[in-house]
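File shown: entry-v2.cif. Contents: mmCIF, C-alpha atoms and all ligand atoms.
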data_input
loop_
_atom_site.group_PDB
_atom_site.id
_atom_site.type_symbol
_atom_site.label_atom_id
_atom_site.label_comp_id
_atom_site.auth_asym_id
_atom_site.auth_seq_id
_atom_site.Cartn_x
_atom_site.Cartn_y
_atom_site.Cartn_z
ATOM 1 C CA MET A 79 20.954 4.351 -27.533
ATOM 2 C CA LEU A 80 22.541 4.613 -24.105
ATOM 3 C CA VAL A 81 20.172 5.020 -21.125
ATOM 4 C CA TYR A 82 20.573 5.187 -17.356
ATOM 5 C CA LEU A 83 18.840 2.716 -15.042
ATOM 6 C CA ASN A 84 19.434 2.350 -11.301
ATOM 7 C CA GLY A 85 23.050 3.410 -11.220
ATOM 8 C CA GLN A 86 24.094 1.889 -14.546
ATOM 9 C CA PHE A 87 24.602 3.266 -18.028
ATOM 10 C CA LEU A 88 23.511 0.622 -20.509
ATOM 11 C CA SER A 89 22.131 0.088 -23.958
ATOM 12 C CA LYS A 90 18.358 0.641 -24.135
ATOM 13 C CA ASP A 91 17.892 -2.927 -25.466
ATOM 14 C CA THR A 92 19.431 -4.396 -22.348
ATOM 15 C CA ALA A 93 17.704 -2.095 -19.821
ATOM 16 C CA HIS A 94 15.023 -4.140 -18.043
ATOM 17 C CA LEU A 95 12.583 -3.471 -15.234
ATOM 18 C CA SER A 96 10.962 -5.911 -12.854
ATOM 19 C CA VAL A 97 7.338 -6.807 -13.659
ATOM 20 C CA ASP A 98 6.745 -5.939 -9.987
ATOM 21 C CA ASP A 99 7.877 -2.368 -10.524
ATOM 22 C CA ARG A 100 5.217 -0.159 -8.975
ATOM 23 C CA GLY A 101 5.504 2.217 -11.902
ATOM 24 C CA PHE A 102 4.280 -0.642 -14.105
ATOM 25 C CA VAL A 103 1.705 -2.037 -11.653
ATOM 26 C CA PHE A 104 0.218 1.168 -10.219
ATOM 27 C CA GLY A 105 1.649 4.116 -12.153
ATOM 28 C CA ASP A 106 3.287 4.813 -8.781
ATOM 29 C CA GLY A 107 5.914 7.358 -9.771
ATOM 30 C CA VAL A 108 6.790 10.757 -11.140
ATOM 31 C CA TYR A 109 8.659 11.981 -14.183
ATOM 32 C CA GLU A 110 10.244 15.145 -15.486
ATOM 33 C CA VAL A 111 11.268 16.416 -18.919
ATOM 34 C CA TRP A 112 13.975 19.020 -19.513
ATOM 35 C CA ARG A 113 14.657 20.770 -22.811
ATOM 36 C CA VAL A 114 18.305 20.753 -23.869
ATOM 37 C CA ILE A 115 19.778 23.093 -26.463
ATOM 38 C CA ARG A 116 23.321 22.371 -27.635
ATOM 39 C CA GLY A 117 24.073 20.641 -24.351
ATOM 40 C CA ARG A 118 22.610 23.435 -22.212
ATOM 41 C CA VAL A 119 19.664 22.402 -20.040
ATOM 42 C CA PHE A 120 16.828 24.966 -20.005
ATOM 43 C CA GLU A 121 15.517 26.013 -16.577
ATOM 44 C CA PRO A 122 17.236 23.116 -14.764
ATOM 45 C CA ASP A 123 16.441 24.284 -11.227
ATOM 46 C CA ARG A 124 12.737 24.816 -11.747
ATOM 47 C CA HIS A 125 12.226 21.364 -13.250
ATOM 48 C CA PHE A 126 14.288 19.846 -10.444
ATOM 49 C CA SER A 127 12.250 21.632 -7.745
ATOM 50 C CA ARG A 128 9.017 20.350 -9.301
ATOM 51 C CA LEU A 129 10.443 16.816 -9.323
ATOM 52 C CA GLN A 130 11.450 17.064 -5.671
ATOM 53 C CA ARG A 131 8.046 18.411 -4.730
ATOM 54 C CA GLY A 132 6.378 15.470 -6.515
ATOM 55 C CA LEU A 133 8.631 12.923 -4.793
ATOM 56 C CA ARG A 134 7.881 14.493 -1.404
ATOM 57 C CA ALA A 135 4.129 14.515 -2.082
ATOM 58 C CA LEU A 136 4.216 10.822 -3.015
ATOM 59 C CA HIS A 137 6.504 9.972 -0.045
ATOM 60 C CA ILE A 138 9.071 8.409 -2.377
ATOM 61 C CA ASP A 139 12.558 8.512 -0.838
ATOM 62 C CA ALA A 140 14.728 10.015 -3.536
ATOM 63 C CA PRO A 141 17.774 7.847 -4.245
ATOM 64 C CA VAL A 142 21.176 9.536 -4.137
ATOM 65 C CA GLU A 143 21.356 10.136 -7.882
ATOM 66 C CA VAL A 144 18.304 12.389 -7.708
ATOM 67 C CA SER A 145 20.372 15.472 -6.902
ATOM 68 C CA MET A 146 20.913 18.444 -9.202
ATOM 69 C CA GLU A 147 24.593 17.668 -9.460
ATOM 70 C CA ARG A 148 24.297 13.943 -10.196
ATOM 71 C CA LEU A 149 21.417 14.424 -12.638
ATOM 72 C CA GLY A 150 23.504 17.019 -14.452
ATOM 73 C CA GLU A 151 26.301 14.469 -14.786
ATOM 74 C CA ILE A 152 23.899 11.755 -15.969
ATOM 75 C CA ALA A 153 22.370 14.096 -18.550
ATOM 76 C CA ALA A 154 25.810 15.206 -19.749
ATOM 77 C CA ARG A 155 27.009 11.626 -20.261
ATOM 78 C CA LEU A 156 23.802 10.519 -22.010
ATOM 79 C CA LEU A 157 23.890 13.547 -24.309
ATOM 80 C CA SER A 158 27.534 13.093 -25.105
ATOM 81 C CA GLU A 159 27.473 9.324 -25.709
ATOM 82 C CA ASN A 160 24.283 9.538 -27.763
ATOM 83 C CA ASP A 161 25.822 12.290 -29.880
ATOM 84 C CA LEU A 162 23.216 14.888 -28.919
ATOM 85 C CA LEU A 163 25.410 17.743 -27.764
ATOM 86 C CA GLY A 164 25.197 19.595 -31.064
ATOM 87 C CA GLY A 165 21.459 20.127 -31.544
ATOM 88 C CA GLU A 166 18.267 19.988 -29.522
ATOM 89 C CA ALA A 167 17.182 17.194 -27.232
ATOM 90 C CA THR A 168 15.028 16.298 -24.275
ATOM 91 C CA PHE A 169 16.243 14.723 -21.038
ATOM 92 C CA TYR A 170 13.620 12.414 -19.488
ATOM 93 C CA LEU A 171 13.706 11.185 -15.899
ATOM 94 C CA GLN A 172 11.319 8.778 -14.212
ATOM 95 C CA VAL A 173 11.370 7.748 -10.558
ATOM 96 C CA THR A 174 9.020 5.053 -9.265
ATOM 97 C CA ARG A 175 8.504 3.556 -5.804
ATOM 98 C CA GLY A 176 10.519 0.527 -6.922
ATOM 99 C CA ALA A 177 9.811 -3.197 -7.280
ATOM 100 C CA ALA A 178 8.035 -5.158 -4.555
ATOM 101 C CA PRO A 179 5.237 -7.766 -4.312
ATOM 102 C CA ARG A 180 1.949 -6.108 -5.197
ATOM 103 C CA THR A 181 0.254 -4.411 -2.252
ATOM 104 C CA HIS A 182 -1.662 -1.174 -2.267
ATOM 105 C CA TYR A 183 0.226 0.014 0.791
ATOM 106 C CA PHE A 184 3.849 1.066 0.425
ATOM 107 C CA PRO A 185 6.549 -1.620 0.001
ATOM 108 C CA PRO A 186 8.858 -2.591 2.875
ATOM 109 C CA GLU A 187 11.329 -0.046 4.222
ATOM 110 C CA GLY A 188 14.518 -0.129 2.178
ATOM 111 C CA THR A 189 12.857 -0.910 -1.178
ATOM 112 C CA ARG A 190 14.953 1.029 -3.655
ATOM 113 C CA ALA A 191 13.144 3.526 -5.879
ATOM 114 C CA THR A 192 13.635 2.898 -9.602
ATOM 115 C CA VAL A 193 15.467 5.675 -11.448
ATOM 116 C CA TYR A 194 15.441 5.738 -15.234
ATOM 117 C CA ALA A 195 16.866 8.475 -17.466
ATOM 118 C CA SER A 196 17.086 8.835 -21.222
ATOM 119 C CA VAL A 197 17.686 11.464 -23.885
ATOM 120 C CA LYS A 198 16.070 11.954 -27.263
ATOM 121 C CA ALA A 199 16.730 14.211 -30.210
ATOM 122 C CA PHE A 200 14.118 16.962 -30.459
ATOM 123 C CA VAL A 201 13.264 19.038 -33.512
ATOM 124 C CA PRO A 202 10.713 21.738 -32.661
ATOM 125 C CA PRO A 203 8.105 21.849 -35.438
ATOM 126 C CA GLU A 204 8.447 25.524 -36.340
ATOM 127 C CA GLU A 205 5.502 25.399 -38.725
ATOM 128 C CA THR A 206 2.979 24.565 -35.985
ATOM 129 C CA ARG A 207 4.364 27.423 -33.842
ATOM 130 C CA VAL A 208 4.126 29.904 -36.704
ATOM 131 C CA ARG A 209 0.851 28.874 -38.343
ATOM 132 C CA GLY A 210 -1.035 27.510 -35.353
ATOM 133 C CA VAL A 211 -3.023 24.335 -34.775
ATOM 134 C CA ARG A 212 -6.529 23.019 -34.303
ATOM 135 C CA ALA A 213 -7.720 21.708 -30.937
ATOM 136 C CA ILE A 214 -10.826 20.161 -29.451
ATOM 137 C CA THR A 215 -12.367 20.424 -25.978
ATOM 138 C CA VAL A 216 -12.966 17.372 -23.770
ATOM 139 C CA PRO A 217 -14.248 16.934 -20.205
ATOM 140 C CA ASP A 218 -11.437 16.967 -17.630
ATOM 141 C CA THR A 219 -11.844 13.507 -16.081
ATOM 142 C CA ARG A 220 -8.511 13.612 -14.243
ATOM 143 C CA TRP A 221 -8.008 13.325 -10.468
ATOM 144 C CA LEU A 222 -7.702 16.272 -8.100
ATOM 145 C CA ARG A 223 -3.877 16.333 -7.885
ATOM 146 C CA CYS A 224 -3.078 17.443 -11.427
ATOM 147 C CA ASP A 225 -0.314 19.571 -9.879
ATOM 148 C CA LEU A 226 1.792 16.414 -9.533
ATOM 149 C CA LYS A 227 3.704 15.193 -12.584
ATOM 150 C CA THR A 228 2.895 11.524 -12.080
ATOM 151 C CA VAL A 229 3.206 8.867 -14.765
ATOM 152 C CA GLN A 230 -0.541 8.191 -14.473
ATOM 153 C CA LEU A 231 -1.491 9.878 -17.724
ATOM 154 C CA LEU A 232 -4.380 7.773 -18.993
ATOM 155 C CA PRO A 233 -6.949 10.607 -19.279
ATOM 156 C CA ASN A 234 -4.290 12.655 -21.093
ATOM 157 C CA VAL A 235 -3.505 9.740 -23.419
ATOM 158 C CA LEU A 236 -7.173 9.108 -24.258
ATOM 159 C CA ALA A 237 -7.895 12.802 -24.800
ATOM 160 C CA ASN A 238 -4.850 13.329 -27.002
ATOM 161 C CA GLN A 239 -5.780 10.283 -29.073
ATOM 162 C CA GLN A 240 -9.323 11.662 -29.407
ATOM 163 C CA ALA A 241 -7.814 14.902 -30.708
ATOM 164 C CA ARG A 242 -5.610 13.044 -33.188
ATOM 165 C CA ALA A 243 -8.578 10.999 -34.407
ATOM 166 C CA ALA A 244 -10.474 14.266 -34.963
ATOM 167 C CA GLY A 245 -7.594 15.676 -37.028
ATOM 168 C CA ALA A 246 -6.612 18.069 -34.228
ATOM 169 C CA PHE A 247 -3.256 18.676 -32.557
ATOM 170 C CA ASP A 248 -4.397 18.540 -28.947
ATOM 171 C CA ALA A 249 -7.355 18.363 -26.584
ATOM 172 C CA ILE A 250 -8.194 21.006 -24.005
ATOM 173 C CA PHE A 251 -9.655 19.916 -20.701
ATOM 174 C CA ILE A 252 -12.786 21.580 -19.324
ATOM 175 C CA ARG A 253 -13.668 21.070 -15.659
ATOM 176 C CA ASP A 254 -16.756 22.649 -14.091
ATOM 177 C CA ASP A 255 -17.164 24.849 -17.180
ATOM 178 C CA LEU A 256 -13.618 26.242 -16.836
ATOM 179 C CA ILE A 257 -10.629 25.639 -19.130
ATOM 180 C CA THR A 258 -7.845 23.951 -17.144
ATOM 181 C CA GLU A 259 -5.018 22.981 -19.535
ATOM 182 C CA SER A 260 -4.267 20.660 -22.454
ATOM 183 C CA THR A 261 -3.141 17.028 -22.398
ATOM 184 C CA HIS A 262 0.527 18.018 -22.209
ATOM 185 C CA ALA A 263 0.747 21.798 -22.072
ATOM 186 C CA SER A 264 -0.457 24.796 -20.101
ATOM 187 C CA LEU A 265 -3.057 26.999 -21.716
ATOM 188 C CA PHE A 266 -3.215 30.765 -22.115
ATOM 189 C CA GLY A 267 -5.925 32.910 -23.672
ATOM 190 C CA VAL A 268 -6.389 36.586 -24.402
ATOM 191 C CA LEU A 269 -9.794 37.921 -23.424
ATOM 192 C CA ASP A 270 -10.654 41.639 -23.512
ATOM 193 C CA GLY A 271 -6.933 42.318 -24.035
ATOM 194 C CA VAL A 272 -5.973 40.512 -20.812
ATOM 195 C CA LEU A 273 -3.690 37.445 -20.740
ATOM 196 C CA ARG A 274 -5.571 34.719 -18.871
ATOM 197 C CA THR A 275 -4.475 31.356 -17.521
ATOM 198 C CA HIS A 276 -5.697 28.934 -14.871
ATOM 199 C CA PRO A 277 -4.219 29.585 -11.417
ATOM 200 C CA ALA A 278 -1.410 27.201 -10.440
ATOM 201 C CA ASN A 279 -3.494 25.143 -8.033
ATOM 202 C CA HIS A 280 -4.256 21.389 -7.683
ATOM 203 C CA LEU A 281 -6.195 21.313 -10.985
ATOM 204 C CA VAL A 282 -3.259 21.999 -13.320
ATOM 205 C CA LEU A 283 0.420 21.156 -13.583
ATOM 206 C CA PRO A 284 2.546 24.117 -12.505
ATOM 207 C CA GLY A 285 4.169 24.383 -15.928
ATOM 208 C CA ILE A 286 7.725 25.690 -16.089
ATOM 209 C CA THR A 287 6.970 27.274 -19.466
ATOM 210 C CA ARG A 288 3.852 28.815 -17.864
ATOM 211 C CA GLU A 289 6.114 30.532 -15.312
ATOM 212 C CA VAL A 290 8.469 31.751 -18.049
ATOM 213 C CA ILE A 291 5.533 33.072 -20.112
ATOM 214 C CA LEU A 292 4.177 34.951 -17.100
ATOM 215 C CA GLU A 293 7.614 36.514 -16.538
ATOM 216 C CA LEU A 294 7.813 37.523 -20.202
ATOM 217 C CA ALA A 295 4.284 38.954 -20.082
ATOM 218 C CA ARG A 296 5.179 41.025 -17.004
ATOM 219 C CA ASP A 297 8.306 42.294 -18.786
ATOM 220 C CA LEU A 298 6.132 43.304 -21.748
ATOM 221 C CA GLY A 299 3.731 45.089 -19.395
ATOM 222 C CA LEU A 300 0.780 42.925 -20.473
ATOM 223 C CA PRO A 301 -2.251 42.794 -18.197
ATOM 224 C CA ILE A 302 -2.379 39.322 -16.607
ATOM 225 C CA ASP A 303 -5.191 37.564 -14.801
ATOM 226 C CA GLU A 304 -4.592 34.107 -13.299
ATOM 227 C CA HIS A 305 -8.263 33.164 -13.373
ATOM 228 C CA ALA A 306 -9.482 30.281 -15.522
ATOM 229 C CA ILE A 307 -11.314 31.076 -18.742
ATOM 230 C CA PRO A 308 -14.974 29.997 -18.600
ATOM 231 C CA ALA A 309 -15.999 27.703 -21.455
ATOM 232 C CA ARG A 310 -18.821 30.137 -22.300
ATOM 233 C CA ASP A 311 -16.178 32.778 -23.167
ATOM 234 C CA ILE A 312 -14.409 30.613 -25.749
ATOM 235 C CA ALA A 313 -16.331 32.274 -28.579
ATOM 236 C CA ARG A 314 -15.067 35.695 -27.388
ATOM 237 C CA LEU A 315 -11.399 34.694 -27.108
ATOM 238 C CA GLU A 316 -9.068 36.945 -29.046
ATOM 239 C CA GLU A 317 -6.122 34.540 -28.828
ATOM 240 C CA LEU A 318 -5.381 31.112 -27.408
ATOM 241 C CA PHE A 319 -2.116 29.221 -27.116
ATOM 242 C CA LEU A 320 -0.438 26.185 -25.604
ATOM 243 C CA ALA A 321 2.755 26.542 -23.576
ATOM 244 C CA GLY A 322 5.078 23.698 -22.641
ATOM 245 C CA THR A 323 8.594 22.300 -22.688
ATOM 246 C CA THR A 324 8.122 20.535 -26.016
ATOM 247 C CA THR A 325 5.270 22.766 -27.218
ATOM 248 C CA ASP A 326 6.982 26.159 -26.746
ATOM 249 C CA VAL A 327 4.216 28.612 -27.597
ATOM 250 C CA THR A 328 1.861 26.926 -30.050
ATOM 251 C CA PRO A 329 -1.086 29.095 -31.143
ATOM 252 C CA ILE A 330 -4.519 27.493 -31.287
ATOM 253 C CA VAL A 331 -6.315 29.048 -34.226
ATOM 254 C CA GLN A 332 -9.353 26.780 -34.282
ATOM 255 C CA LEU A 333 -11.188 25.196 -31.357
ATOM 256 C CA ASP A 334 -13.961 22.655 -31.941
ATOM 257 C CA GLY A 335 -14.059 23.824 -35.557
ATOM 258 C CA VAL A 336 -14.539 27.510 -34.685
ATOM 259 C CA HIS A 337 -11.887 30.156 -35.406
ATOM 260 C CA ILE A 338 -10.173 31.817 -32.451
ATOM 261 C CA GLY A 339 -9.939 35.561 -33.103
ATOM 262 C CA ASP A 340 -9.076 36.094 -36.766
ATOM 263 C CA GLY A 341 -8.152 32.440 -37.214
ATOM 264 C CA VAL A 342 -4.439 33.282 -37.290
ATOM 265 C CA PRO A 343 -1.892 33.567 -34.451
ATOM 266 C CA GLY A 344 -2.452 36.845 -32.602
ATOM 267 C CA ALA A 345 0.007 39.622 -31.748
ATOM 268 C CA ILE A 346 0.346 38.757 -28.036
ATOM 269 C CA THR A 347 0.923 35.071 -28.796
ATOM 270 C CA ARG A 348 3.582 35.955 -31.353
ATOM 271 C CA SER A 349 5.419 38.366 -29.082
ATOM 272 C CA LEU A 350 5.427 35.830 -26.236
ATOM 273 C CA TYR A 351 6.754 33.174 -28.611
ATOM 274 C CA ALA A 352 9.483 35.576 -29.673
ATOM 275 C CA GLY A 353 10.313 36.208 -26.008
ATOM 276 C CA LEU A 354 10.431 32.491 -25.257
ATOM 277 C CA LYS A 355 12.685 31.896 -28.252
ATOM 278 C CA GLU A 356 15.006 34.580 -26.996
ATOM 279 C CA ARG A 357 15.196 32.802 -23.625
ATOM 280 C CA LEU A 358 15.794 29.474 -25.376
ATOM 281 C CA TYR A 359 18.180 30.465 -28.152
ATOM 282 C CA GLY A 360 19.150 34.131 -27.930
ATOM 283 C CA ARG A 361 18.135 37.349 -29.641
ATOM 284 C CA GLU A 362 18.528 36.524 -33.357
ATOM 285 C CA ALA A 363 16.090 33.618 -33.275
ATOM 286 C CA ALA A 364 13.500 35.770 -31.532
ATOM 287 C CA ARG A 365 13.574 38.306 -34.359
ATOM 288 C CA ALA A 366 13.008 35.534 -36.907
ATOM 289 C CA ALA A 367 9.830 34.510 -35.056
ATOM 290 C CA ILE A 368 8.389 38.038 -35.176
ATOM 291 C CA ASP A 369 9.132 38.377 -38.892
ATOM 292 C CA ALA A 370 7.853 34.913 -39.815
ATOM 293 C CA PRO A 371 5.065 34.889 -42.409
ATOM 294 C CA ARG A 372 1.651 33.792 -41.254
ATOM 295 C CA ASN A 373 -1.520 32.911 -43.061
ATOM 296 C CA GLY A 374 -4.567 30.812 -42.444
ATOM 297 C CA VAL A 375 -3.037 27.417 -43.225
ATOM 298 C CA VAL A 376 -3.669 25.203 -40.232
ATOM 299 C CA THR A 377 -1.690 22.103 -39.435
ATOM 300 C CA ARG A 378 -2.984 19.454 -37.069
HETATM 301 C C1 LIG A 401 -0.645 18.313 -18.214
HETATM 302 C C2 LIG A 401 0.496 19.242 -18.496
HETATM 303 N N1 LIG A 401 0.322 20.554 -18.308
HETATM 304 C C3 LIG A 401 1.302 21.441 -18.559
HETATM 305 C C4 LIG A 401 2.524 21.013 -19.044
HETATM 306 C C5 LIG A 401 3.596 22.025 -19.353
HETATM 307 O O1 LIG A 401 4.603 21.978 -18.368
HETATM 308 P P1 LIG A 401 6.078 22.412 -18.721
HETATM 309 O O2 LIG A 401 6.000 23.816 -19.219
HETATM 310 O O3 LIG A 401 6.786 22.328 -17.425
HETATM 311 O O4 LIG A 401 6.578 21.478 -19.741
HETATM 312 C C6 LIG A 401 2.760 19.647 -19.249
HETATM 313 C C7 LIG A 401 4.060 19.183 -19.735
HETATM 314 O O5 LIG A 401 4.317 18.027 -19.891
HETATM 315 C C8 LIG A 401 1.720 18.729 -18.961
HETATM 316 O O6 LIG A 401 1.885 17.413 -19.135
#
Take the structure in the file and write it out as structure tokens.
Ligand SMILES: Cc1ncc(COP(=O)(O)O)c(C=O)c1O
Amino acid sequence: MLVYLNGQFLSKDTAHLSVDDRGFVFGDGVYEVWRVIRGRVFEPDRHFSRLQRGLRALHIDAPVEVSMERLGEIAARLLSENDLLGGEATFYLQVTRGAAPRTHYFPPEGTRATVYASVKAFVPPEETRVRGVRAITVPDTRWLRCDLKTVQLLPNVLANQQARAAGAFDAIFIRDDLITESTHASLFGVLDGVLRTHPANHLVLPGITREVILELARDLGLPIDEHAIPARDIARLEELFLAGTTTDVTPIVQLDGVHIGDGVPGAITRSLYAGLKERLYGREAARAAIDAPRNGVVTR
């Protein structure tokens, strides 16, 4: 597997980081994940803008390769040399504040940020999208800058593991009695016929898929309300779904052991999934999603 590290393309086995890298020592860095379909990167500009915003917020000087053009070239070479131009893949990028003797304050001027990029084959699990998944709720113990895509993901890791241990697909964070998002996806619900999601403020990641879903919902003329869903309204939810780069639209049909709506993916969720598929793959695939059979079988 060929990867990119600090200006070099090299085999993953020979790619090494300093033990002083601030990504390793402090989680001092940001990352981004793009979806790639047959060599075409999905929503490249939006992901890039979010990355730039994160770098600015952390005061990390972006090295020269962190430009749209250069990243496009890096992605193209990694996809091509790893034989991933034919199917689906993800392009991962991580930028840290670089390697320097451990101090809490920033390293000396001129310390080069670390830039790492890799690609991976990705096969979207269609069954989870079509049949839906179980989830659990957990307290949102994260910091107050969840809008930044930093590599500090420990609360997300612990919560997702808790979900896995409970036989669920994901965990949904609750902060101050309001649903924020899941461990690695945005969250949407349908309550009283209205599509609800947390506002894009400091308590959630401004998901790119979230933006696409909101555009699709507007196109469909759905009523939208960007106000968080109170935990007390969970029992009244008609539909609930995850939205993310590697999650697409994944319906949640059971939360903490209780059915959401009829316990099967709802009509709004399915039409938004069809719309997302159309944006990802084109019209034919979208039709297949609408026609797909559904029943109560729940996968993790
Ligand atoms: C915490 C969190 N929220 C939301 C998302 C969804 O964001 P996107 O649609 O840009 O993938 C992610 C994706 O990794 C995430 O980690």
(request) Report the residues retrieved by the PyMOL selection byres (((chain A and resi 302-318) around 6) and not hetatm) from the displayed file, expressed as a list in words. (result)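 After applying the PyMOL selection byres (((chain A and resi 302-318) around 6) and not hetatm), what remains is Asp255, Leu256, Ile257, Phe266, Gly267, Val268, Leu269, Val272, Leu273, Arg274, Thr275, His276, Pro277, Pro301, Phe319, Ile330, Gly339 and Gly344 of chain A.
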(request) Using CA of Asn84 in chain A and CA of Val193 in chain A as the two end points, give the distance in Å to one decimal. (result) 5.2 Å
(message) Ranking A:Arg212, A:His94, A:Arg296, A:His125 by minimum distance to ligand LIG 401 (chain A) and counting all atoms listed in the file, which one comes first?
(response)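 Among the listed residues, A:His125 lies closest to ligand LIG 401 (chain A).
Candidate residues A:Asn279, A:Asn160, A:Thr92, A:Gln240 were compared for distance to ligand LIG 401 (chain A), and the nearest is A:Asn279, using only C-alpha atoms and all ligand atoms.
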(message) Need to verify the contact set: range 195-205 of chain A, 8 Å, only C-alpha atoms, exclusion of same-chain residues closer than 6 positions in sequence. Can you return it as a list in words?
(response)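 In the requested format, the answer is Leu80, Val81, Tyr82, Leu83, Ile152, Ala153, Leu156, Leu157, Asn160, Leu162, Gly165, Glu166, Ala167, Thr168, Phe169, Tyr170, Leu171, Gln172, Thr324, Thr325 and Thr377 of chain A.
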